[in-house]
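**Student:** Structure supplied as entry_14.pdb; contents: PDB, C-alpha atoms.
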ATOM      1  CA  MET J   1      29.832-184.856-124.618
ATOM      2  CA  ASP J   2      30.542-187.324-127.433
ATOM      3  CA  SER J   3      28.769-190.562-126.521
ATOM      4  CA  GLN J   4      31.015-192.656-128.831
ATOM      5  CA  THR J   5      34.247-192.102-126.967
ATOM      6  CA  PRO J   6      34.034-191.843-123.201
ATOM      7  CA  PRO J   7      36.137-189.044-121.727
ATOM      8  CA  ALA J   8      39.581-189.844-120.357
ATOM      9  CA  LEU J   9      38.660-188.229-117.059
ATOM     10  CA  THR J  10      35.381-186.959-115.596
ATOM     11  CA  VAL J  11      35.567-184.787-112.512
ATOM     12  CA  MET J  12      32.148-184.457-110.888
ATOM     13  CA  ASP J  13      31.450-181.797-108.285
ATOM     14  CA  PRO J  14      34.700-182.256-106.371
ATOM     15  CA  LYS J  15      35.144-180.470-103.077
ATOM     16  CA  THR J  16      38.389-180.451-101.178
ATOM     17  CA  HIS J  17      38.226-179.291 -97.587
ATOM     18  CA  PHE J  18      41.310-178.665 -95.488
ATOM     19  CA  ARG J  19      41.263-178.546 -91.721
ATOM     20  CA  THR J  20      43.474-175.621 -90.783
ATOM     21  CA  GLU J  21      44.402-173.910 -87.534
ATOM     22  CA  ARG J  22      42.124-171.026 -88.470
ATOM     23  CA  GLY J  23      39.186-173.293 -89.249
ATOM     24  CA  PRO J  24      38.075-175.337 -92.246
ATOM     25  CA  VAL J  25      38.529-174.042 -95.792
ATOM     26  CA  THR J  26      37.217-175.350 -99.094
ATOM     27  CA  ALA J  27      40.011-174.977-101.646
ATOM     28  CA  VAL J  28      38.231-176.777-104.469
ATOM     29  CA  ASP J  29      34.533-176.049-104.641
ATOM     30  CA  GLY J  30      32.665-177.992-107.303
ATOM     31  CA  VAL J  31      35.209-177.735-110.125
ATOM     32  CA  SER J  32      33.440-180.159-112.501
ATOM     33  CA  PHE J  33      34.919-180.833-115.933
ATOM     34  CA  THR J  34      35.666-183.593-118.395
ATOM     35  CA  LEU J  35      38.885-184.263-120.237
ATOM     36  CA  ALA J  36      38.307-185.929-123.615
ATOM     37  CA  LYS J  37      40.764-188.551-124.873
ATOM     38  CA  GLY J  38      43.716-186.798-126.451
ATOM     39  CA  GLU J  39      42.496-183.358-125.488
ATOM     40  CA  ILE J  40      44.631-180.564-124.026
ATOM     41  CA  LEU J  41      42.514-178.710-121.481
ATOM     42  CA  GLY J  42      43.809-175.476-120.016
ATOM     43  CA  VAL J  43      43.086-174.470-116.416
ATOM     44  CA  VAL J  44      43.863-170.816-115.746
ATOM     45  CA  GLY J  45      43.506-168.341-112.910
ATOM     46  CA  GLU J  46      45.600-166.314-110.466
ATOM     47  CA  SER J  47      47.787-167.835-107.793
ATOM     48  CA  GLY J  48      45.596-169.121-105.001
ATOM     49  CA  CYS J  49      42.503-169.813-107.134
ATOM     50  CA  GLY J  50      42.712-173.556-106.579
ATOM     51  CA  LYS J  51      44.255-174.760-109.843
ATOM     52  CA  SER J  52      46.958-176.830-108.196
ATOM     53  CA  ALA J  53      44.627-177.953-105.410
ATOM     54  CA  THR J  54      42.256-179.304-108.065
ATOM     55  CA  ALA J  55      45.080-181.195-109.767
ATOM     56  CA  GLN J  56      46.405-182.606-106.533
ATOM     57  CA  SER J  57      42.907-183.609-105.456
ATOM     58  CA  ILE J  58      42.466-185.692-108.611
ATOM     59  CA  LEU J  59      45.510-187.745-107.617
ATOM     60  CA  ARG J  60      44.719-187.489-103.894
ATOM     61  CA  LEU J  61      48.144-186.116-103.078
ATOM     62  CA  PHE J  62      47.091-184.249 -99.946
ATOM     63  CA  ASP J  63      47.617-185.761 -96.537
ATOM     64  CA  GLU J  64      44.234-187.323 -95.884
ATOM     65  CA  SER J  65      44.550-186.772 -92.142
ATOM     66  CA  TYR J  66      43.626-183.113 -92.641
ATOM     67  CA  THR J  67      41.914-183.267 -96.034
ATOM     68  CA  THR J  68      38.452-184.483 -96.934
ATOM     69  CA  HIS J  69      37.235-184.997-100.465
ATOM     70  CA  GLU J  70      33.696-184.935-101.776
ATOM     71  CA  GLY J  71      32.483-185.647-105.299
ATOM     72  CA  GLN J  72      33.788-188.140-107.824
ATOM     73  CA  VAL J  73      36.710-188.448-110.210
ATOM     74  CA  TRP J  74      35.936-191.071-112.852
ATOM     75  CA  PHE J  75      38.854-192.667-114.631
ATOM     76  CA  GLU J  76      38.530-195.928-116.575
ATOM     77  CA  GLY J  77      35.312-196.911-114.878
ATOM     78  CA  GLN J  78      36.435-196.286-111.317
ATOM     79  CA  ASP J  79      35.995-193.399-108.931
ATOM     80  CA  LEU J  80      39.474-192.398-107.806
ATOM     81  CA  LEU J  81      38.163-190.604-104.736
ATOM     82  CA  SER J  82      36.754-193.848-103.320
ATOM     83  CA  LEU J  83      39.622-196.170-104.288
ATOM     84  CA  PRO J  84      41.597-197.858-101.516
ATOM     85  CA  ALA J  85      45.031-196.263-100.995
ATOM     86  CA  ASP J  86      47.002-199.168-102.542
ATOM     87  CA  GLU J  87      44.952-199.109-105.745
ATOM     88  CA  MET J  88      45.349-195.354-105.917
ATOM     89  CA  HIS J  89      49.103-195.918-105.718
ATOM     90  CA  ASN J  90      48.911-197.937-108.920
ATOM     91  CA  VAL J  91      46.983-195.216-110.733
ATOM     92  CA  ARG J  92      49.498-192.496-109.844
ATOM     93  CA  GLY J  93      52.375-192.374-112.274
ATOM     94  CA  ASN J  94      51.195-195.486-114.076
ATOM     95  CA  HIS J  95      47.910-194.275-115.572
ATOM     96  CA  ILE J  96      47.849-190.619-114.593
ATOM     97  CA  SER J  97      51.129-188.715-114.363
ATOM     98  CA  MET J  98      51.851-185.316-113.026
ATOM     99  CA  ILE J  99      54.486-182.687-113.732
ATOM    100  CA  PHE J 100      54.869-180.430-110.721
ATOM    101  CA  GLN J 101      55.672-176.759-110.455
ATOM    102  CA  ASP J 102      59.307-176.121-109.718
ATOM    103  CA  PRO J 103      61.065-179.185-111.107
ATOM    104  CA  LEU J 104      64.228-178.879-109.027
ATOM    105  CA  SER J 105      62.445-179.084-105.691
ATOM    106  CA  SER J 106      60.330-182.013-106.880
ATOM    107  CA  LEU J 107      63.376-184.150-107.628
ATOM    108  CA  ASN J 108      65.047-185.987-104.788
ATOM    109  CA  PRO J 109      68.511-184.449-104.344
ATOM    110  CA  VAL J 110      70.184-187.627-103.117
ATOM    111  CA  TYR J 111      69.318-189.881-106.047
ATOM    112  CA  THR J 112      70.690-189.690-109.560
ATOM    113  CA  ILE J 113      68.329-188.677-112.355
ATOM    114  CA  GLY J 114      68.559-192.163-113.825
ATOM    115  CA  ASN J 115      67.590-193.880-110.592
ATOM    116  CA  GLN J 116      64.622-191.579-109.986
ATOM    117  CA  ILE J 117      63.107-192.150-113.384
ATOM    118  CA  ALA J 118      63.899-195.861-113.234
ATOM    119  CA  GLU J 119      62.072-196.048-109.905
ATOM    120  CA  ALA J 120      58.811-194.978-111.561
ATOM    121  CA  ILE J 121      59.260-197.683-114.163
ATOM    122  CA  LEU J 122      60.313-200.414-111.701
ATOM    123  CA  ILE J 123      57.347-199.721-109.410
ATOM    124  CA  HIS J 124      54.745-199.843-112.134
ATOM    125  CA  LYS J 125      56.116-202.159-114.813
ATOM    126  CA  ASN J 126      57.404-205.674-114.577
ATOM    127  CA  VAL J 127      60.868-205.094-116.027
ATOM    128  CA  SER J 128      64.484-205.745-115.042
ATOM    129  CA  ARG J 129      66.827-202.997-113.875
ATOM    130  CA  ARG J 130      68.712-203.230-117.169
ATOM    131  CA  GLU J 131      65.507-202.778-119.179
ATOM    132  CA  ALA J 132      64.468-199.878-116.980
ATOM    133  CA  HIS J 133      67.861-198.223-117.537
ATOM    134  CA  ALA J 134      67.483-198.551-121.298
ATOM    135  CA  ARG J 135      64.013-197.052-121.092
ATOM    136  CA  VAL J 136      65.291-194.109-119.031
ATOM    137  CA  LEU J 137      67.905-193.375-121.680
ATOM    138  CA  GLU J 138      65.200-193.510-124.330
ATOM    139  CA  LEU J 139      62.970-191.134-122.357
ATOM    140  CA  LEU J 140      65.731-188.622-121.732
ATOM    141  CA  THR J 141      66.501-188.659-125.460
ATOM    142  CA  LEU J 142      62.794-188.206-126.213
ATOM    143  CA  THR J 143      62.600-185.153-123.980
ATOM    144  CA  GLY J 144      65.452-183.590-125.921
ATOM    145  CA  ILE J 145      68.000-183.472-123.108
ATOM    146  CA  PRO J 146      71.525-183.142-124.499
ATOM    147  CA  ALA J 147      73.988-185.961-123.685
ATOM    148  CA  PRO J 148      71.430-188.236-121.952
ATOM    149  CA  GLU J 149      73.989-190.968-121.270
ATOM    150  CA  LYS J 150      75.912-188.445-119.164
ATOM    151  CA  ARG J 151      72.840-186.926-117.447
ATOM    152  CA  ILE J 152      71.539-190.286-116.327
ATOM    153  CA  GLY J 153      74.311-190.546-113.729
ATOM    154  CA  GLU J 154      74.028-186.962-112.505
ATOM    155  CA  TYR J 155      72.231-185.535-109.495
ATOM    156  CA  PRO J 156      69.460-182.900-109.691
ATOM    157  CA  HIS J 157      71.767-180.042-108.602
ATOM    158  CA  GLU J 158      73.956-180.724-111.627
ATOM    159  CA  LEU J 159      71.089-179.950-114.009
ATOM    160  CA  SER J 160      69.916-176.580-115.252
ATOM    161  CA  GLY J 161      66.286-175.596-114.666
ATOM    162  CA  GLY J 162      65.313-176.537-118.208
ATOM    163  CA  CYS J 163      67.013-179.919-117.947
ATOM    164  CA  ALA J 164      65.262-180.641-114.660
ATOM    165  CA  SER J 165      61.938-179.963-116.330
ATOM    166  CA  GLY J 166      62.829-182.318-119.156
TER     167      GLY J 166
ATOM    168  CA  MET H   1      60.585-184.420-114.403
ATOM    169  CA  ILE H   2      58.794-184.807-117.700
ATOM    170  CA  ALA H   3      60.725-187.976-118.521
ATOM    171  CA  MET H   4      59.614-189.354-115.149
ATOM    172  CA  ALA H   5      56.002-188.448-115.887
ATOM    173  CA  LEU H   6      56.290-190.161-119.238
ATOM    174  CA  ALA H   7      58.017-193.273-117.946
ATOM    175  CA  CYS H   8      54.826-195.331-117.944
ATOM    176  CA  GLU H   9      53.063-193.805-120.955
ATOM    177  CA  SER H  10      50.115-192.647-118.912
ATOM    178  CA  LYS H  11      46.778-191.913-120.527
ATOM    179  CA  VAL H  12      46.399-188.665-118.641
ATOM    180  CA  LEU H  13      49.070-186.119-117.803
ATOM    181  CA  ILE H  14      48.493-183.322-115.323
ATOM    182  CA  ALA H  15      51.019-180.563-115.922
ATOM    183  CA  ASP H  16      51.063-177.947-113.175
ATOM    184  CA  GLU H  17      52.812-174.817-114.447
ATOM    185  CA  PRO H  18      55.350-176.972-116.317
ATOM    186  CA  THR H  19      57.155-174.021-117.860
ATOM    187  CA  THR H  20      56.697-171.280-115.296
ATOM    188  CA  ALA H  21      60.264-170.937-114.062
ATOM    189  CA  LEU H  22      61.848-171.375-117.470
ATOM    190  CA  ASP H  23      62.941-168.951-120.133
ATOM    191  CA  VAL H  24      60.918-168.740-123.319
ATOM    192  CA  THR H  25      63.124-170.845-125.567
ATOM    193  CA  ILE H  26      63.059-173.801-123.169
ATOM    194  CA  GLN H  27      59.353-173.117-122.568
ATOM    195  CA  ALA H  28      58.666-173.500-126.277
ATOM    196  CA  GLN H  29      60.639-176.770-126.409
ATOM    197  CA  ILE H  30      58.721-178.208-123.469
ATOM    198  CA  MET H  31      55.376-177.188-124.931
ATOM    199  CA  ASP H  32      56.353-178.742-128.281
ATOM    200  CA  LEU H  33      57.273-181.920-126.473
ATOM    201  CA  MET H  34      53.923-182.035-124.717
ATOM    202  CA  ILE H  35      52.014-181.448-127.955
ATOM    203  CA  ASP H  36      54.055-184.180-129.586
ATOM    204  CA  LEU H  37      53.213-186.668-126.855
ATOM    205  CA  ASN H  38      49.593-185.634-126.912
ATOM    206  CA  GLN H  39      49.463-186.428-130.632
ATOM    207  CA  LYS H  40      51.646-189.551-130.689
ATOM    208  CA  LEU H  41      50.276-191.246-127.571
ATOM    209  CA  ASP H  42      46.799-189.670-127.606
ATOM    210  CA  MET H  43      47.581-188.573-124.073
ATOM    211  CA  GLY H  44      44.939-186.308-122.494
ATOM    212  CA  ILE H  45      46.623-183.334-120.818
ATOM    213  CA  ILE H  46      45.381-181.001-118.116
ATOM    214  CA  LEU H  47      47.598-177.954-118.432
ATOM    215  CA  ILE H  48      47.544-175.702-115.403
ATOM    216  CA  THR H  49      48.960-172.278-116.076
ATOM    217  CA  HIS H  50      48.504-168.583-115.442
ATOM    218  CA  ASP H  51      49.760-167.832-118.936
ATOM    219  CA  LEU H  52      46.894-167.212-121.347
ATOM    220  CA  GLY H  53      49.396-167.084-124.203
ATOM    221  CA  VAL H  54      50.341-170.714-123.583
ATOM    222  CA  VAL H  55      46.649-171.641-123.425
ATOM    223  CA  ALA H  56      45.938-169.931-126.754
ATOM    224  CA  GLU H  57      48.775-171.831-128.349
ATOM    225  CA  VAL H  58      48.227-175.385-127.198
ATOM    226  CA  CYS H  59      44.799-175.931-125.619
ATOM    227  CA  SER H  60      41.516-176.721-127.289
ATOM    228  CA  ARG H  61      39.351-175.907-124.293
ATOM    229  CA  VAL H  62      39.906-173.873-121.170
ATOM    230  CA  VAL H  63      38.522-173.641-117.654
ATOM    231  CA  VAL H  64      38.965-170.330-115.793
ATOM    232  CA  MET H  65      39.041-170.613-112.001
ATOM    233  CA  TYR H  66      38.564-168.032-109.284
ATOM    234  CA  LEU H  67      38.700-168.751-105.567
ATOM    235  CA  GLY H  68      38.027-172.479-105.823
ATOM    236  CA  LYS H  69      35.260-172.252-108.410
ATOM    237  CA  ILE H  70      34.977-172.348-112.186
ATOM    238  CA  VAL H  71      33.902-168.921-113.454
ATOM    239  CA  GLU H  72      34.067-169.661-117.151
ATOM    240  CA  GLU H  73      34.552-172.639-119.439
ATOM    241  CA  ALA H  74      34.813-172.459-123.228
ATOM    242  CA  ALA H  75      36.585-173.541-126.380
ATOM    243  CA  VAL H  76      39.781-171.497-126.609
ATOM    244  CA  ALA H  77      38.689-169.618-129.744
ATOM    245  CA  ASP H  78      35.365-168.624-128.141
ATOM    246  CA  LEU H  79      37.003-167.556-124.898
ATOM    247  CA  PHE H  80      39.413-165.249-126.689
ATOM    248  CA  ALA H  81      36.781-163.952-129.116
ATOM    249  CA  ARG H  82      34.185-163.181-126.456
ATOM    250  CA  PRO H  83      35.002-163.730-122.773
ATOM    251  CA  LEU H  84      31.748-163.809-120.794
ATOM    252  CA  HIS H  85      33.063-163.325-117.272
ATOM    253  CA  PRO H  86      34.521-159.997-116.074
ATOM    254  CA  TYR H  87      37.390-161.927-114.468
ATOM    255  CA  THR H  88      38.333-163.530-117.788
ATOM    256  CA  GLN H  89      37.982-160.131-119.465
ATOM    257  CA  GLY H  90      40.282-158.630-116.843
ATOM    258  CA  LEU H  91      42.869-161.374-117.363
ATOM    259  CA  MET H  92      42.852-160.723-121.088
ATOM    260  CA  ARG H  93      43.192-156.989-120.730
ATOM    261  CA  SER H  94      46.166-157.582-118.444
ATOM    262  CA  ILE H  95      48.221-159.182-121.225
ATOM    263  CA  ALA H  96      50.893-156.912-122.667
ATOM    264  CA  LEU H  97      50.619-156.932-126.454
ATOM    265  CA  LEU H  98      53.395-155.992-128.855
ATOM    266  CA  ASP H  99      51.206-153.425-130.600
ATOM    267  CA  CYS H 100      49.555-151.977-127.499
ATOM    268  CA  ASP H 101      49.469-148.255-126.781
ATOM    269  CA  ARG H 102      52.562-147.787-124.620
ATOM    270  CA  THR H 103      51.472-144.416-123.341
ATOM    271  CA  GLN H 104      48.622-146.125-121.426
ATOM    272  CA  PRO H 105      49.289-148.137-118.263
ATOM    273  CA  LEU H 106      48.600-151.865-118.581
ATOM    274  CA  HIS H 107      45.250-152.950-117.148
ATOM    275  CA  VAL H 108      45.337-154.553-113.711
ATOM    276  CA  ILE H 109      42.550-156.322-111.857
ATOM    277  CA  GLU H 110      42.199-154.301-108.652
ATOM    278  CA  GLY H 111      42.774-156.031-105.317
ATOM    279  CA  THR H 112      43.922-159.569-104.652
ATOM    280  CA  VAL H 113      42.309-162.979-104.387
ATOM    281  CA  PRO H 114      40.604-163.028-100.958
ATOM    282  CA  SER H 115      41.622-165.609 -98.395
ATOM    283  CA  LEU H 116      39.654-168.847 -98.289
ATOM    284  CA  HIS H 117      38.985-168.017 -94.640
ATOM    285  CA  ASN H 118      37.148-164.941 -95.807
ATOM    286  CA  VAL H 119      35.063-165.911 -98.820
ATOM    287  CA  PRO H 120      32.882-162.991 -99.985
ATOM    288  CA  ALA H 121      29.104-163.436 -99.958
ATOM    289  CA  GLY H 122      27.379-163.643-103.333
ATOM    290  CA  CYS H 123      29.602-163.783-106.394
ATOM    291  CA  ARG H 124      33.154-164.383-105.195
ATOM    292  CA  PHE H 125      34.568-161.952-107.716
ATOM    293  CA  ALA H 126      32.130-159.149-106.823
ATOM    294  CA  PRO H 127      34.543-157.179-104.542
ATOM    295  CA  ARG H 128      36.955-156.789-107.477
ATOM    296  CA  CYS H 129      34.456-156.602-110.309
ATOM    297  CA  PRO H 130      33.678-153.365-112.202
ATOM    298  CA  MET H 131      30.181-154.707-113.030
ATOM    299  CA  ALA H 132      29.201-155.708-109.488
ATOM    300  CA  ASP H 133      25.777-154.622-108.211
ATOM    301  CA  ASP H 134      23.655-155.508-105.180
ATOM    302  CA  ARG H 135      22.519-158.843-106.597
ATOM    303  CA  CYS H 136      26.140-159.822-107.296
ATOM    304  CA  ARG H 137      27.077-159.042-103.695
ATOM    305  CA  ALA H 138      24.123-161.049-102.340
ATOM    306  CA  GLN H 139      23.713-164.092-104.553
ATOM    307  CA  MET H 140      26.189-166.445-106.171
ATOM    308  CA  PRO H 141      25.313-166.907-109.855
ATOM    309  CA  ALA H 142      25.257-170.461-111.285
ATOM    310  CA  LEU H 143      27.659-171.656-113.971
ATOM    311  CA  GLU H 144      25.310-171.494-116.955
ATOM    312  CA  GLU H 145      25.707-172.210-120.632
ATOM    313  CA  HIS H 146      25.269-168.933-122.529
ATOM    314  CA  ALA H 147      26.464-170.099-125.959
ATOM    315  CA  PRO H 148      27.109-173.644-127.252
ATOM    316  CA  GLY H 149      30.011-174.985-125.198
ATOM    317  CA  GLN H 150      30.561-171.687-123.368
ATOM    318  CA  LYS H 151      29.590-171.462-119.716
ATOM    319  CA  ALA H 152      29.995-168.514-117.376
ATOM    320  CA  ARG H 153      29.168-167.849-113.742
ATOM    321  CA  CYS H 154      28.006-164.223-113.993
ATOM    322  CA  TRP H 155      24.706-162.367-113.608
ATOM    323  CA  HIS H 156      25.784-160.025-116.380
ATOM    324  CA  ALA H 157      26.936-162.620-118.922
ATOM    325  CA  LYS H 158      23.955-161.877-121.154
ATOM    326  CA  THR H 159      25.039-158.227-121.473
ATOM    327  CA  PHE H 160      28.375-159.406-122.824
ATOM    328  CA  MET H 161      26.430-161.468-125.365
ATOM    329  CA  GLY H 162      24.762-158.255-126.474
ATOM    330  CA  GLY H 163      21.461-158.904-124.675
ATOM    331  CA  GLN H 164      19.767-157.889-121.430
ATOM    332  CA  ASP H 165      20.755-159.100-117.968
ATOM    333  CA  ALA H 166      18.946-162.213-116.792
TER     334      ALA H 166
END
For the structure just supplied, provide its representation as structure tokens.
**Tutor:**
Amino acid sequence: MDSQTPPALTVMDPKTHFRTERGPVTAVDGVSFTLAKGEILGVVGESGCGKSATAQSILRLFDESYTTHEGQVWFEGQDLLSLPADEMHNVRGNHISMIFQDPLSSLNPVYTIGNQIAEAILIHKNVSRREAHARVLELLTLTGIPAPEKRIGEYPHELSGGCASG
Amino acid sequence: MIAMALACESKVLIADEPTTALDVTIQAQIMDLMIDLNQKLDMGIILITHDLGVVAEVCSRVVVMYLGKIVEEAAVADLFARPLHPYTQGLMRSIALLDCDRTQPLHVIEGTVPSLHNVPAGCRFAPRCPMADDRCRAQMPALEEHAPGQKARCWHAKTFMGGQDA
């Protein structure tokens, strides 16, 4: 590890246990790795190998009533696995973002695209609705979506799969 | 989805199969967009995928997972040049190449990933592994560094390096 630049993320011996009807299972079993600043790290394996479970454990997206975490996830000098829930809320989306599998089912069908993206901005940044709207337009343009000013007012079902990903 | 993930210019992006359901032209656009953001914003990206082709194209390092554990970790060039875990080797042989011999069936890794309720003793890949012997079925090997920056969890990794088993 380069001692000059600390890694963006250090995952140390994480274990994710789920309580299930058929007994406890350990979906993530010591998947330690570091992500350097500006690095693209690939995680590969067959369905069911724990790739997504690892990702979701980093952001603590599992219902903690049936999930227990062990290990540490270091990000900017704090261990995400021991952060209080409200501080974790600030990390999600603001400092660490996630793109989920299956974009259409991850978007809320009853809100317009514009409102959903604006929500992320309004929660995490101190900006007005108007500023958030302008930023959404900018982001949609950045992601290469055709006619962003039209898309912003549309609902998820009006988008193609590729557009929903964007 | 991606615009939403980018809304706050996070330092880390976790992309879970971001292009899986999309056709290749849109896939390429989304990957280009992610590379662009990685370079412009110095955003660290964890790219979860089952597509080794995508990994070869965009990642610098890769972690291979099997049943909740890391089985191999290496720089992308090293992994493709000399995979040290039979699971990684199996994944690579399962890729259809344009210039492959079409009279031969494509390689498949026999069996399926076992259930987490039924984790095999010893090496977790042993029941599906062509190299498995009694030690593999009895003892789990550690994830060890076999070449600079290349780790594998296999009793036989040294044979793949051209040496004797440990």
**Student:** List the residues matched by the PyMOL selection byres ((chain J and resi 149-157) around 8) in the displayed structure as number ranges by chain, ordered by chain and then by residue number.
**Tutor:** J: 104, 107-115, 136-137, 147-148, 158-160, 164
**Student:** Export, as a PDB file, keeping the file's coordinate frame, the selected residues with C-alpha atoms.
**Tutor:**
ATOM      1  CA  LEU J 104      64.228-178.879-109.027  1.00  0.00           C
ATOM      2  CA  LEU J 107      63.376-184.150-107.628  1.00  0.00           C
ATOM      3  CA  ASN J 108      65.047-185.987-104.788  1.00  0.00           C
ATOM      4  CA  PRO J 109      68.511-184.449-104.344  1.00  0.00           C
ATOM      5  CA  VAL J 110      70.184-187.627-103.117  1.00  0.00           C
ATOM      6  CA  TYR J 111      69.318-189.881-106.047  1.00  0.00           C
ATOM      7  CA  THR J 112      70.690-189.690-109.560  1.00  0.00           C
ATOM      8  CA  ILE J 113      68.329-188.677-112.355  1.00  0.00           C
ATOM      9  CA  GLY J 114      68.559-192.163-113.825  1.00  0.00           C
ATOM     10  CA  ASN J 115      67.590-193.880-110.592  1.00  0.00           C
ATOM     11  CA  VAL J 136      65.291-194.109-119.031  1.00  0.00           C
ATOM     12  CA  LEU J 137      67.905-193.375-121.680  1.00  0.00           C
ATOM     13  CA  ALA J 147      73.988-185.961-123.685  1.00  0.00           C
ATOM     14  CA  PRO J 148      71.430-188.236-121.952  1.00  0.00           C
ATOM     15  CA  GLU J 158      73.956-180.724-111.627  1.00  0.00           C
ATOM     16  CA  LEU J 159      71.089-179.950-114.009  1.00  0.00           C
ATOM     17  CA  SER J 160      69.916-176.580-115.252  1.00  0.00           C
ATOM     18  CA  ALA J 164      65.262-180.641-114.660  1.00  0.00           C
TER      19      ALA J 164
END
**Student:** Pull out every residue that the PyMOL selection byres ((chain H and resi 76) around 10) matches in the shown coordinates and put them as number ranges by chain.
**Tutor:** J: 41-42; H: 52, 55-63, 73-75, 77-81, 83, 150
**Student:** Could you tell me how far CA of Gln139 in chain H lies from CA of Lys15 in chain J, in Å and to one decimal?
**Tutor:**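 The value is 20.0 Å.
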**Student:** Can you tell me which residues surround Arg135 in chain H at a distance of at most 9 Å, considering all atoms listed in the file, apart from same-chain residues fewer than 2 positions away, and format the answer as a PyMOL selection string?
**Tutor:** chain H and resi 122-123+132-133+137-140+155
**Student:** Could you write out as a PDB file with C-alpha atoms, in the frame of the given file the residues that the PyMOL selection byres ((chain H and resi 18) around 9) matches in the shown file?
**Tutor:**
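Okay, selection22.pdb is ready:
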ATOM      1  CA  ILE J  99      54.486-182.687-113.732  1.00  0.00           C
ATOM      2  CA  PHE J 100      54.869-180.430-110.721  1.00  0.00           C
ATOM      3  CA  GLN J 101      55.672-176.759-110.455  1.00  0.00           C
ATOM      4  CA  ASP J 102      59.307-176.121-109.718  1.00  0.00           C
ATOM      5  CA  PRO J 103      61.065-179.185-111.107  1.00  0.00           C
ATOM      6  CA  SER J 165      61.938-179.963-116.330  1.00  0.00           C
TER       7      SER J 165
ATOM      8  CA  ILE H   2      58.794-184.807-117.700  1.00  0.00           C
ATOM      9  CA  ALA H  15      51.019-180.563-115.922  1.00  0.00           C
ATOM     10  CA  ASP H  16      51.063-177.947-113.175  1.00  0.00           C
ATOM     11  CA  GLU H  17      52.812-174.817-114.447  1.00  0.00           C
ATOM     12  CA  THR H  19      57.155-174.021-117.860  1.00  0.00           C
ATOM     13  CA  THR H  20      56.697-171.280-115.296  1.00  0.00           C
ATOM     14  CA  ALA H  21      60.264-170.937-114.062  1.00  0.00           C
ATOM     15  CA  LEU H  22      61.848-171.375-117.470  1.00  0.00           C
ATOM     16  CA  GLN H  27      59.353-173.117-122.568  1.00  0.00           C
ATOM     17  CA  ILE H  30      58.721-178.208-123.469  1.00  0.00           C
ATOM     18  CA  MET H  31      55.376-177.188-124.931  1.00  0.00           C
ATOM     19  CA  LEU H  47      47.598-177.954-118.432  1.00  0.00           C
ATOM     20  CA  ILE H  48      47.544-175.702-115.403  1.00  0.00           C
ATOM     21  CA  THR H  49      48.960-172.278-116.076  1.00  0.00           C
TER      22      THR H  49
END
**Student:** Quote the spacing between CA of Cys49 in chain J and CA of Tyr87 in chain H in Å to one decimal place.
**Tutor:**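 Distance reported for this atom pair: 11.9 Å.
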**Student:** Select, counting all atoms listed in the file, all protein, DNA and RNA residues no farther than 12 Å from (35.5, -170.2, -105.6) in file coordinates, and express the selection as a compact mmCIF listing (two decimals) with C-alpha atoms, in the frame of the given file.
**Tutor:**
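Produced file result07.txt, reproduced below:
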# COMPACT_ATOMS: atom_id res chain seq x y z
CA LYS J 15 35.14 -180.47 -103.08
CA THR J 16 38.39 -180.45 -101.18
CA VAL J 25 38.53 -174.04 -95.79
CA THR J 26 37.22 -175.35 -99.09
CA ALA J 27 40.01 -174.98 -101.65
CA VAL J 28 38.23 -176.78 -104.47
CA ASP J 29 34.53 -176.05 -104.64
CA GLY J 30 32.66 -177.99 -107.30
CA VAL J 31 35.21 -177.74 -110.12
CA GLY J 45 43.51 -168.34 -112.91
CA GLU J 46 45.60 -166.31 -110.47
CA GLY J 48 45.60 -169.12 -105.00
CA CYS J 49 42.50 -169.81 -107.13
CA GLY J 50 42.71 -173.56 -106.58
CA LYS J 51 44.26 -174.76 -109.84
CA ALA J 53 44.63 -177.95 -105.41
CA THR J 54 42.26 -179.30 -108.06
CA VAL H 64 38.97 -170.33 -115.79
CA MET H 65 39.04 -170.61 -112.00
CA TYR H 66 38.56 -168.03 -109.28
CA LEU H 67 38.70 -168.75 -105.57
CA GLY H 68 38.03 -172.48 -105.82
CA LYS H 69 35.26 -172.25 -108.41
CA ILE H 70 34.98 -172.35 -112.19
CA VAL H 71 33.90 -168.92 -113.45
CA GLU H 72 34.07 -169.66 -117.15
CA VAL H 113 42.31 -162.98 -104.39
CA PRO H 114 40.60 -163.03 -100.96
CA SER H 115 41.62 -165.61 -98.40
CA LEU H 116 39.65 -168.85 -98.29
CA HIS H 117 38.98 -168.02 -94.64
CA ASN H 118 37.15 -164.94 -95.81
CA VAL H 119 35.06 -165.91 -98.82
CA PRO H 120 32.88 -162.99 -99.98
CA ALA H 121 29.10 -163.44 -99.96
CA GLY H 122 27.38 -163.64 -103.33
CA CYS H 123 29.60 -163.78 -106.39
CA ARG H 124 33.15 -164.38 -105.20
CA PHE H 125 34.57 -161.95 -107.72
CA ALA H 126 32.13 -159.15 -106.82
CA MET H 140 26.19 -166.44 -106.17
CA PRO H 141 25.31 -166.91 -109.86
CA ALA H 142 25.26 -170.46 -111.28
CA LEU H 143 27.66 -171.66 -113.97
CA ARG H 153 29.17 -167.85 -113.74
**Student:** Give me, please, the distance in Å between CA of Glu39 in chain J and CA of Ile46 in chain H, quoted to one decimal.
**Tutor:**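 Going from CA of Glu39 in chain J over to CA of Ile46 in chain H covers 8.3 Å.
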